[in-house]
Each structure stands twice: as C-alpha cells, then as structure tokens.
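What follows is the content of structure-v2.cif, which has mmCIF, C-alpha atoms and all ligand atoms:
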data_my_file
loop_
_atom_site.label_atom_id
_atom_site.label_comp_id
_atom_site.auth_asym_id
_atom_site.auth_seq_id
_atom_site.Cartn_x
_atom_site.Cartn_y
_atom_site.Cartn_z
CA MET A 6 75.66 186.56 -7.20
CA PRO A 7 74.85 187.97 -3.77
CA GLU A 8 75.79 185.76 -0.83
CA LEU A 9 75.38 185.88 2.93
CA PRO A 10 77.53 188.96 3.72
CA GLU A 11 75.96 191.30 1.15
CA LEU A 12 72.46 190.06 1.91
CA GLN A 13 72.96 190.39 5.66
CA ALA A 14 74.07 194.02 5.34
CA LEU A 15 71.25 194.77 2.90
CA CYS A 16 68.61 193.34 5.23
CA GLU A 17 69.88 195.38 8.16
CA ALA A 18 69.84 198.58 6.11
CA LEU A 19 66.40 197.85 4.66
CA THR A 20 64.94 197.06 8.07
CA ASP A 21 66.13 200.44 9.34
CA GLU A 22 64.43 202.18 6.42
CA VAL A 23 61.17 200.30 5.98
CA SER A 24 60.06 199.17 9.40
CA GLY A 25 56.84 200.89 10.37
CA ARG A 26 56.18 202.04 6.78
CA ARG A 27 52.83 201.19 5.27
CA VAL A 28 52.44 199.50 1.91
CA GLU A 29 50.18 201.51 -0.39
CA SER A 30 50.17 199.10 -3.27
CA ALA A 31 51.65 195.69 -3.97
CA VAL A 32 52.12 194.80 -7.61
CA ALA A 33 53.49 191.69 -9.33
CA VAL A 34 54.49 193.30 -12.62
CA HIS A 35 55.42 189.88 -13.95
CA PRO A 36 52.67 187.76 -12.40
CA ALA A 37 54.69 184.54 -12.79
CA VAL A 38 57.26 185.79 -10.27
CA LEU A 39 54.71 185.21 -7.50
CA ARG A 40 54.51 181.46 -6.96
CA THR A 41 51.62 181.50 -4.48
CA ALA A 42 47.94 182.32 -5.07
CA GLU A 43 46.75 182.62 -1.48
CA PRO A 44 46.92 184.98 0.26
CA PRO A 45 46.85 187.41 -2.68
CA LEU A 46 49.61 190.00 -2.91
CA THR A 47 47.04 192.69 -2.10
CA ALA A 48 46.97 191.25 1.44
CA LEU A 49 50.06 193.41 1.98
CA GLU A 50 48.25 196.62 1.06
CA GLY A 51 47.69 198.70 4.17
CA ALA A 52 50.10 196.54 6.17
CA ALA A 53 53.08 198.06 7.93
CA LEU A 54 56.39 196.38 7.19
CA THR A 55 58.21 195.24 10.29
CA ALA A 56 61.55 193.93 9.02
CA VAL A 57 63.51 192.51 6.12
CA ASN A 58 65.29 189.42 7.34
CA ARG A 59 67.60 186.88 5.77
CA ARG A 60 67.89 183.12 6.09
CA GLY A 61 70.57 181.60 3.89
CA LYS A 62 70.20 183.49 0.62
CA LEU A 63 66.45 183.95 1.03
CA LEU A 64 65.00 187.35 1.96
CA LEU A 65 61.91 187.63 4.16
CA VAL A 66 59.92 190.85 3.97
CA GLN A 67 57.78 190.77 7.10
CA SER A 68 54.63 192.69 7.93
CA ASP A 69 52.25 193.32 10.82
CA ARG A 70 49.47 191.39 9.05
CA GLY A 71 50.94 187.96 9.69
CA VAL A 72 52.06 187.54 6.08
CA SER A 73 55.63 187.52 4.78
CA LEU A 74 57.05 187.80 1.31
CA VAL A 75 59.84 185.28 0.80
CA VAL A 76 62.14 186.29 -2.05
CA HIS A 77 64.52 183.96 -3.81
CA LEU A 78 66.91 186.11 -5.85
CA MET A 79 68.72 183.28 -7.68
CA SER A 80 71.74 184.61 -9.57
CA ALA A 81 70.39 187.74 -11.24
CA GLY A 82 67.65 188.93 -8.90
CA ARG A 83 68.23 192.20 -7.06
CA MET A 84 66.22 193.70 -4.24
CA GLY A 85 66.24 197.28 -3.11
CA LEU A 86 64.48 200.38 -1.95
CA ARG A 87 64.11 202.98 -4.70
CA ASP A 88 62.11 206.05 -5.52
CA VAL A 89 58.84 204.82 -6.89
CA GLU A 90 59.58 206.11 -10.40
CA ARG A 91 62.82 204.14 -10.58
CA ALA A 92 61.08 201.15 -9.07
CA ARG A 93 58.72 201.16 -12.03
CA GLY A 94 61.61 200.40 -14.38
CA ARG A 95 61.67 197.69 -16.99
CA GLN A 96 63.57 195.15 -14.90
CA THR A 97 61.13 195.24 -12.01
CA LEU A 98 59.24 192.01 -11.41
CA LEU A 99 57.44 192.95 -8.22
CA ARG A 100 57.20 196.06 -6.09
CA LEU A 101 55.73 197.20 -2.82
CA GLU A 102 55.02 200.92 -3.02
CA LEU A 103 55.32 202.56 0.36
CA GLU A 104 53.60 205.57 1.85
CA ASP A 105 56.82 207.62 1.72
CA GLY A 106 57.18 207.67 -2.09
CA ARG A 107 59.65 204.82 -2.23
CA ALA A 108 59.15 201.22 -3.21
CA LEU A 109 60.74 197.95 -2.23
CA ALA A 110 61.38 196.38 -5.60
CA LEU A 111 62.50 192.99 -6.84
CA ARG A 112 64.15 193.30 -10.22
CA GLU A 113 66.09 190.87 -12.33
CA LEU A 114 69.04 191.49 -14.61
CA GLY A 115 69.19 189.76 -17.98
CA THR A 116 66.33 187.94 -19.61
CA LYS A 117 66.10 184.65 -17.71
CA ARG A 118 63.26 184.74 -15.23
CA ARG A 119 64.50 182.73 -12.29
CA ALA A 120 63.88 184.94 -9.28
CA SER A 121 60.70 184.13 -7.39
CA ALA A 122 58.54 185.29 -4.51
CA HIS A 123 56.11 183.51 -2.19
CA LEU A 124 53.59 185.30 -0.01
CA LEU A 125 53.00 183.13 3.05
CA ASP A 126 51.08 183.37 6.29
CA ASP A 127 52.96 182.50 9.47
CA GLU A 128 51.95 178.85 9.44
CA ALA A 129 52.94 178.31 5.81
CA LEU A 130 56.17 180.19 6.44
CA GLY A 131 57.21 177.64 9.06
CA GLU A 132 56.71 174.82 6.56
CA HIS A 133 57.97 176.52 3.40
CA PRO A 134 60.30 173.85 1.95
CA PRO A 135 63.07 176.18 0.70
CA LEU A 136 63.33 177.55 4.25
CA ALA A 137 62.68 174.32 6.13
CA ARG A 138 65.36 172.48 4.13
CA LEU A 139 68.13 175.00 4.83
CA GLY A 140 71.14 173.93 6.84
CA PRO A 141 72.53 175.97 9.73
CA GLU A 142 73.92 179.48 9.30
CA PRO A 143 77.71 179.21 8.95
CA ILE A 144 78.99 181.97 11.23
CA GLY A 145 79.80 180.64 14.68
CA LEU A 146 79.55 176.94 13.82
CA GLU A 147 82.00 174.74 15.71
CA ALA A 148 84.29 172.26 13.95
CA ASP A 149 82.12 169.27 14.86
CA GLU A 150 79.02 171.10 13.58
CA TRP A 151 80.78 171.74 10.29
CA ARG A 152 81.60 168.07 10.09
CA ARG A 153 77.98 167.07 10.77
CA ALA A 154 76.75 169.55 8.16
CA LEU A 155 79.15 168.66 5.35
CA GLU A 156 80.64 165.20 5.80
CA HIS A 157 77.75 163.03 4.57
CA PRO A 158 76.69 162.36 1.94
CA ARG A 159 80.25 162.33 0.67
CA ALA A 160 80.96 165.19 -1.71
CA ARG A 161 83.73 167.43 -2.88
CA LEU A 162 84.31 170.22 -0.38
CA HIS A 163 83.75 172.93 -2.99
CA THR A 164 80.34 171.44 -3.83
CA ALA A 165 79.27 170.75 -0.25
CA LEU A 166 80.06 174.29 0.92
CA ARG A 167 77.68 175.75 -1.66
CA ASP A 168 74.82 173.37 -0.88
CA GLY A 169 72.37 175.40 1.19
CA ARG A 170 70.77 172.25 2.56
CA ARG A 171 74.07 171.49 4.30
CA VAL A 172 75.05 175.01 5.35
CA ALA A 173 73.16 178.16 4.38
CA GLY A 174 74.23 181.30 2.55
CA ILE A 175 77.57 180.38 0.92
CA GLY A 176 78.03 180.58 -2.86
CA ARG A 177 80.88 180.47 -5.34
CA CYS A 178 82.76 183.47 -4.07
CA TYR A 179 82.86 182.77 -0.36
CA ALA A 180 83.33 179.02 -0.81
CA SER A 181 86.61 179.80 -2.62
CA GLU A 182 87.61 182.42 -0.07
CA ILE A 183 86.94 180.12 2.88
CA MET A 184 88.83 177.17 1.37
CA TRP A 185 91.81 179.40 0.65
CA ALA A 186 91.78 180.84 4.18
CA ALA A 187 91.54 177.30 5.61
CA ARG A 188 94.25 175.94 3.22
CA LEU A 189 91.90 173.21 2.07
CA ALA A 190 91.83 171.66 -1.39
CA PRO A 191 88.59 172.46 -3.24
CA PHE A 192 88.12 168.94 -4.59
CA THR A 193 89.03 167.08 -1.42
CA MET A 194 86.27 164.72 -0.30
CA THR A 195 84.32 165.77 2.78
CA THR A 196 84.80 162.28 4.22
CA GLY A 197 88.56 162.73 4.05
CA LEU A 198 88.97 165.86 6.16
CA SER A 199 91.02 165.56 9.35
CA ASP A 200 89.98 167.00 12.72
CA ASP A 201 92.45 169.76 12.08
CA GLY A 202 90.89 170.39 8.67
CA TRP A 203 87.43 170.88 10.19
CA THR A 204 88.88 173.20 12.83
CA ARG A 205 90.59 175.27 10.15
CA LEU A 206 87.38 175.37 8.14
CA ALA A 207 85.37 176.63 11.14
CA SER A 208 87.78 179.43 11.95
CA ALA A 209 88.28 180.38 8.29
CA ALA A 210 84.52 180.64 7.75
CA ASP A 211 84.12 182.90 10.78
CA ALA A 212 87.00 185.12 9.70
CA VAL A 213 86.09 185.37 6.01
CA LEU A 214 82.36 185.81 6.46
CA GLY A 215 82.72 188.04 9.51
CA GLN A 216 85.05 190.42 7.67
CA ALA A 217 82.86 190.38 4.59
CA VAL A 218 79.75 191.25 6.61
CA ALA A 219 81.63 194.11 8.28
CA ARG A 220 82.79 195.42 4.93
CA ALA A 221 79.33 195.10 3.38
CA ARG A 222 77.91 197.09 6.31
CA GLU A 223 80.50 199.82 5.71
CA ILE A 224 79.55 200.05 2.05
CA GLY A 225 75.93 200.07 3.15
CA GLY A 226 73.07 201.04 0.92
CA VAL A 227 69.45 199.99 0.54
CA ASP A 228 69.71 198.82 -3.06
CA MET A 229 71.78 196.05 -4.57
CA PRO A 230 74.33 196.92 -7.25
CA GLN A 231 74.67 194.98 -10.52
CA ARG A 232 77.90 193.52 -9.20
CA GLU A 233 78.86 193.10 -5.59
CA LYS A 234 81.63 195.32 -4.25
CA ARG A 235 83.89 192.82 -2.59
CA THR A 236 87.44 192.49 -1.38
CA THR A 237 88.58 188.97 -2.16
CA ALA A 238 91.84 187.06 -1.81
CA VAL A 239 91.29 184.50 -4.58
CA HIS A 240 87.85 184.85 -6.19
CA GLY A 241 88.39 186.74 -9.44
CA HIS A 242 92.19 186.69 -9.05
CA ALA A 243 93.32 183.72 -11.17
CA GLY A 244 96.83 184.24 -12.51
CA GLU A 245 97.77 186.69 -9.77
CA PRO A 246 100.19 185.85 -6.95
CA CYS A 247 98.79 184.23 -3.81
CA LEU A 248 98.68 186.82 -1.02
CA ARG A 249 100.06 184.25 1.42
CA CYS A 250 102.81 182.38 -0.48
CA GLY A 251 103.29 184.23 -3.78
CA ALA A 252 102.53 181.20 -6.00
CA GLU A 253 100.36 181.84 -9.03
CA LEU A 254 96.66 181.33 -8.29
CA ALA A 255 95.09 178.74 -10.57
CA ARG A 256 91.59 178.29 -11.92
CA VAL A 257 89.20 175.54 -12.86
CA SER A 258 86.66 176.78 -15.38
CA PHE A 259 83.04 175.76 -15.25
CA ALA A 260 80.26 176.65 -17.65
CA GLU A 261 79.22 179.83 -15.81
CA TYR A 262 82.10 180.65 -13.49
CA GLU A 263 85.57 179.74 -12.38
CA LEU A 264 86.95 178.34 -9.18
CA VAL A 265 90.22 179.93 -8.05
CA TYR A 266 92.66 178.39 -5.58
CA CYS A 267 96.34 178.36 -4.65
CA PRO A 268 97.96 175.07 -5.71
CA ASP A 269 100.78 175.57 -3.19
CA CYS A 270 98.82 176.54 -0.08
CA GLN A 271 95.78 174.39 -0.71
CA ASN A 272 96.73 171.36 -2.77
CA ASP A 273 100.36 170.35 -2.03
CA GLY A 274 101.55 172.15 -5.14
CA ARG A 275 99.30 170.19 -7.49
CA ARG A 276 97.21 171.94 -10.12
CA TYR A 277 93.86 170.61 -11.25
CA ALA A 278 93.13 170.43 -14.96
CA ASP A 279 91.97 173.87 -16.07
CA ARG A 280 88.94 172.80 -18.01
CA ARG A 281 85.21 172.60 -17.78
CA PHE A 282 84.18 169.35 -16.23
CA SER A 283 81.23 170.55 -14.29
CA ARG A 284 79.27 167.34 -14.77
CA LEU A 285 81.88 165.47 -12.80
CA THR A 286 82.26 167.94 -9.98
CA ARG A 287 78.93 169.59 -9.37
ZN ZN B 301 99.45 180.30 -1.68
#
Is it possible to give me this structure as structure tokens?
Amino acid sequence: MPELPELQALCEALTDEVSGRRVESAVAVHPAVLRTAEPPLTALEGAALTAVNRRGKLLLVQSDRGVSLVVHLMSAGRMGLRDVERARGRQTLLRLELEDGRALALRELGTKRRASAHLLDDEALGEHPPLARLGPEPIGLEADEWRRALEHPRARLHTALRDGRRVAGIGRCYASEIMWAARLAPFTMTTGLSDDGWTRLASAADAVLGQAVARAREIGGVDMPQREKRTTAVHGHAGEPCLRCGAELARVSFAEYELVYCPDCQNDGRRYADRRFSRLTR
C-alpha cells in the first residue's frame, strides 16, 4: 500500500510532467468510482492541469478551471501517467487523456472496488470531509505536537500512528519503521509515553520518512508499481536479525498483514503472541 513517501515523490514527478497540459477527454470507465455528480467529470475537458498534490494519502489533481479531482487510492488503487493505449487497460477505473498522447489514469489491482474519486470545486474542496478530517503532516512535527496528535483518545501506538485523523500519511510499513527507529513498543498505550518517548518518536519519524522520500525521489517515475520499491529495516523482515542489536525480529499476524518489531530494542525483550487478534488491537 502506498504511503506518504512514495506518494510525495509521485506527485512531484507527475506535477513536472502534467502541469500546463490540457485534458482532451475525461472518462470514468467504472462510473461508480466517481462519487460526485456535480460538477460532471467533463468539466475537466479543455482544462489545463496545474499540479498533482498530496495531502495524507489523498491525491489532488488540480486544474485551471477551479475544479480538482481528489483520489483516494485505498490499498490497491494506483495512479500514473501512461501512454493512452496502456491507460485504456482493463484495470483502469478513470482516466484523463491529455493533449500529448498520454493519460493520467487511476487503476485498481484485484477485484475489490475500493478506490474512489471526487471532483470538487474550490469551495467544496475546502470542506471535503476526508481532507478536512486529516491530522497534521508528520514530517517536521515537534514532540509536543506528536503528543497532541496521538495521545488522546487513548490507543495503542501502532494503531494511532496509522490513523490519518491523528497524523496524516502513515500506514503499516512506515508505522513499523518509525516505532523501530524510535525503540518504542508497538502496543504501548499512547497515554503511557514519556517525554523522552515523544522526542524519540518525533526524530524517528523525521529520519525514517525523510530518507524514504529521498529514496522514492531517486527511484522516480510517473507511474506506480504493483509493489512499492522500499528499503526497510523491519517491515517484511520477520525472522531476520535486527539491524541494531542482532536479535530475531518478531511478528504479530493480522488478517491482511503482519506487524514486525524487535522484542529486544522495542519491548524489553518481551515477545507478543504471534497470532491474529486484530479485533483487540485495531
Ligand atoms: Zn533490536
């Protein structure tokens, strides 16, 4: 699932490529992907795109007509700029065909249709609940801002970090990476973190996300791959030695993913039960 770093790099690359380009046709191949009726998608036809921006994990395709397309990728949605023929592929849900023979396309892997798009004028954009509800962006937050964002209502750290209403843009992968870098236990309660814990969280988030953004920019590209190309310390590395202390990284399995952590560095040597108990820990 794409998270802040990959989406940030994608938006920068897309903005370079599409700004100033006119939209020749705007098509919702799967009409249900578009969750708004007014303005119609054809309002983008003839418009010049001005930028593709990101807020949290939402993408905002902006135009010079005062309308923006807000795209929610969910877990399997992918956005990218492709030759128009490729953009007419089976997985495409919505595409904006540009004057230069390419198209900005939203596609979705698999068969579940969860990705969505909203076409909004500037006023509606300011009030769009998925945007208005988002917490602050995590890079550059101070320790006390982290505390304000995550402490209440009381939750497990692992859960709170991935709640976009508390702090935007972090998902399963970078939550695990940040907690490992900060030496914080995934299931510690947010009300129980010390001042030092919040300070470590703030600097770990800056380091982990900053490096990941830099790496995603290096990889570059104007289309999203099936799977993100990432360099991770713990995510996806259960059973391997911890890069910091050498202890074996442990996992907790959930229905759709696993959480990986170092029992020694993060949890005083204690291992959590390796089982699916997502209902208790969501
Ligand atoms: Zn360790």
Inset, instruction - Would you list the contacts of stretch 228-232 of chain A as a PyMOL selection string, taking every protein, DNA or RNA residue within 7 Å and counting all atoms listed in the file, but skipping same-chain residues closer than 3 positions in sequence? - result: chain A and resi 83-86
Inset, instruction - Give the residues close to ligand ZN 301 (chain B), within 7 Å, counting all atoms listed in the file; write them as an MDAnalysis selection string. - result: chainID A and resid 247:252 267:270
Inset, instruction - Would you work out the distance separating atom CA of A:Ala92 from atom CA of A:Ala110, expressed in Å to one decimal? - result: 5.9 Å
Legend entry - 8 Å contact set for A:Leu125, only C-alpha atoms, chain neighbours under 3 positions out, as a ChimeraX atom specification: /A:41,43-44,72-75,128-130
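Between atom CA of A:Leu189 and atom CA of A:Glu223 the interatomic distance comes to 29.2 Å.
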Draw an axis-aligned box over all listed atoms of stretch 218-225 of chain A, pad each side with 4 Å, and write its centre and edge lengths in Å, one decimal, as lines of an AutoDock Vina configuration file.
center_x = 79.4
center_y = 195.7
center_z = 5.2
size_x = 14.9
size_y = 16.8
size_z = 14.2
Inset, instruction - Find the spatial neighbours of A:Glu104, counting all atoms listed in the file, within a cut-off of 10 Å - ignore same-chain residues fewer than 6 positions away - and output them as a VMD selection string. - result: chain A and resid 26 to 30 51 53
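Taking atom CA of A:Glu17 and atom CA of A:Asn58 as endpoints, the distance between them is 7.6 Å.
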Legend entry - Who sits within 9 Å of A:Arg222, only C-alpha atoms, same chain under 4 positions skipped, as a PyMOL selection string: chain A and resi 10-11+13-15+17-18+217-218+226
Save out the residues we just selected, C-alpha atoms, as a compact mmCIF listing (two decimals), in the frame of the given file.
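Printed below is again-v4.txt as written:
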# COMPACT_ATOMS: atom_id res chain seq x y z
CA PRO A 10 77.53 188.96 3.72
CA GLU A 11 75.96 191.30 1.15
CA GLN A 13 72.96 190.39 5.66
CA ALA A 14 74.07 194.02 5.34
CA LEU A 15 71.25 194.77 2.90
CA GLU A 17 69.88 195.38 8.16
CA ALA A 18 69.84 198.58 6.11
CA ALA A 217 82.86 190.38 4.59
CA VAL A 218 79.75 191.25 6.61
CA GLY A 226 73.07 201.04 0.92
Legend entry - Minimum-distance residue to A:Tyr266, chosen among A:Leu54, A:Ala190, A:Ala207, A:Ile224 (using only C-alpha atoms): A:Ala190
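Nearest-residue note for A:Val257: choosing from A:Ala278, A:Val172, A:Leu12, A:Ala148, the minimum distance belongs to A:Ala278, counting only C-alpha atoms.
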Legend entry - Pick from A:Ser181, A:Arg95, A:Gly71, A:Thr236, whichever lies nearest to A:Ala219 using all atoms listed in the file: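 Looking at the shortest contact to A:Ala219, the residue is A:Thr236.
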Inset, instruction - Using all atoms listed in the file, find the one residue out of A:Arg152, A:Arg275, A:Lys62, A:Arg87 that sits nearest to A:Leu19. - result: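 Comparing A:Arg152, A:Arg275, A:Lys62, A:Arg87 against A:Leu19, the winner is A:Arg87.
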Is there a way to complete stretch 177-190 of chain A with N, CA and C atoms and then write that out as a PDB file, in the frame of the given file?
ATOM      1  N   ARG A 177      79.585 180.697  -4.669  1.00  0.00           N
ATOM      2  CA  ARG A 177      80.880 180.470  -5.340  1.00  0.00           C
ATOM      3  C   ARG A 177      81.996 181.308  -4.764  1.00  0.00           C
ATOM      4  N   CYS A 178      81.705 182.568  -4.524  1.00  0.00           N
ATOM      5  CA  CYS A 178      82.760 183.470  -4.070  1.00  0.00           C
ATOM      6  C   CYS A 178      83.269 183.073  -2.695  1.00  0.00           C
ATOM      7  N   TYR A 179      82.378 183.013  -1.726  1.00  0.00           N
ATOM      8  CA  TYR A 179      82.860 182.770  -0.360  1.00  0.00           C
ATOM      9  C   TYR A 179      83.283 181.338  -0.127  1.00  0.00           C
ATOM     10  N   ALA A 180      82.799 180.386  -0.921  1.00  0.00           N
ATOM     11  CA  ALA A 180      83.330 179.020  -0.810  1.00  0.00           C
ATOM     12  C   ALA A 180      84.828 179.053  -1.148  1.00  0.00           C
ATOM     13  N   SER A 181      85.189 179.723  -2.244  1.00  0.00           N
ATOM     14  CA  SER A 181      86.610 179.800  -2.620  1.00  0.00           C
ATOM     15  C   SER A 181      87.422 180.531  -1.567  1.00  0.00           C
ATOM     16  N   GLU A 182      86.879 181.633  -1.074  1.00  0.00           N
ATOM     17  CA  GLU A 182      87.610 182.420  -0.070  1.00  0.00           C
ATOM     18  C   GLU A 182      87.845 181.621   1.208  1.00  0.00           C
ATOM     19  N   ILE A 183      86.817 180.896   1.634  1.00  0.00           N
ATOM     20  CA  ILE A 183      86.940 180.120   2.880  1.00  0.00           C
ATOM     21  C   ILE A 183      87.940 178.985   2.710  1.00  0.00           C
ATOM     22  N   MET A 184      87.886 178.289   1.577  1.00  0.00           N
ATOM     23  CA  MET A 184      88.830 177.170   1.370  1.00  0.00           C
ATOM     24  C   MET A 184      90.270 177.669   1.309  1.00  0.00           C
ATOM     25  N   TRP A 185      90.452 178.830   0.693  1.00  0.00           N
ATOM     26  CA  TRP A 185      91.810 179.400   0.650  1.00  0.00           C
ATOM     27  C   TRP A 185      92.278 179.757   2.055  1.00  0.00           C
ATOM     28  N   ALA A 186      91.405 180.433   2.817  1.00  0.00           N
ATOM     29  CA  ALA A 186      91.780 180.840   4.180  1.00  0.00           C
ATOM     30  C   ALA A 186      92.074 179.623   5.053  1.00  0.00           C
ATOM     31  N   ALA A 187      91.363 178.516   4.803  1.00  0.00           N
ATOM     32  CA  ALA A 187      91.540 177.300   5.610  1.00  0.00           C
ATOM     33  C   ALA A 187      92.650 176.403   5.053  1.00  0.00           C
ATOM     34  N   ARG A 188      93.240 176.774   3.911  1.00  0.00           N
ATOM     35  CA  ARG A 188      94.250 175.940   3.220  1.00  0.00           C
ATOM     36  C   ARG A 188      93.712 174.555   2.924  1.00  0.00           C
ATOM     37  N   LEU A 189      92.503 174.502   2.411  1.00  0.00           N
ATOM     38  CA  LEU A 189      91.900 173.210   2.070  1.00  0.00           C
ATOM     39  C   LEU A 189      91.722 173.097   0.563  1.00  0.00           C
ATOM     40  N   ALA A 190      91.934 171.891   0.048  1.00  0.00           N
ATOM     41  CA  ALA A 190      91.830 171.660  -1.390  1.00  0.00           C
ATOM     42  C   ALA A 190      90.356 171.626  -1.799  1.00  0.00           C
TER      43      ALA A 190
END
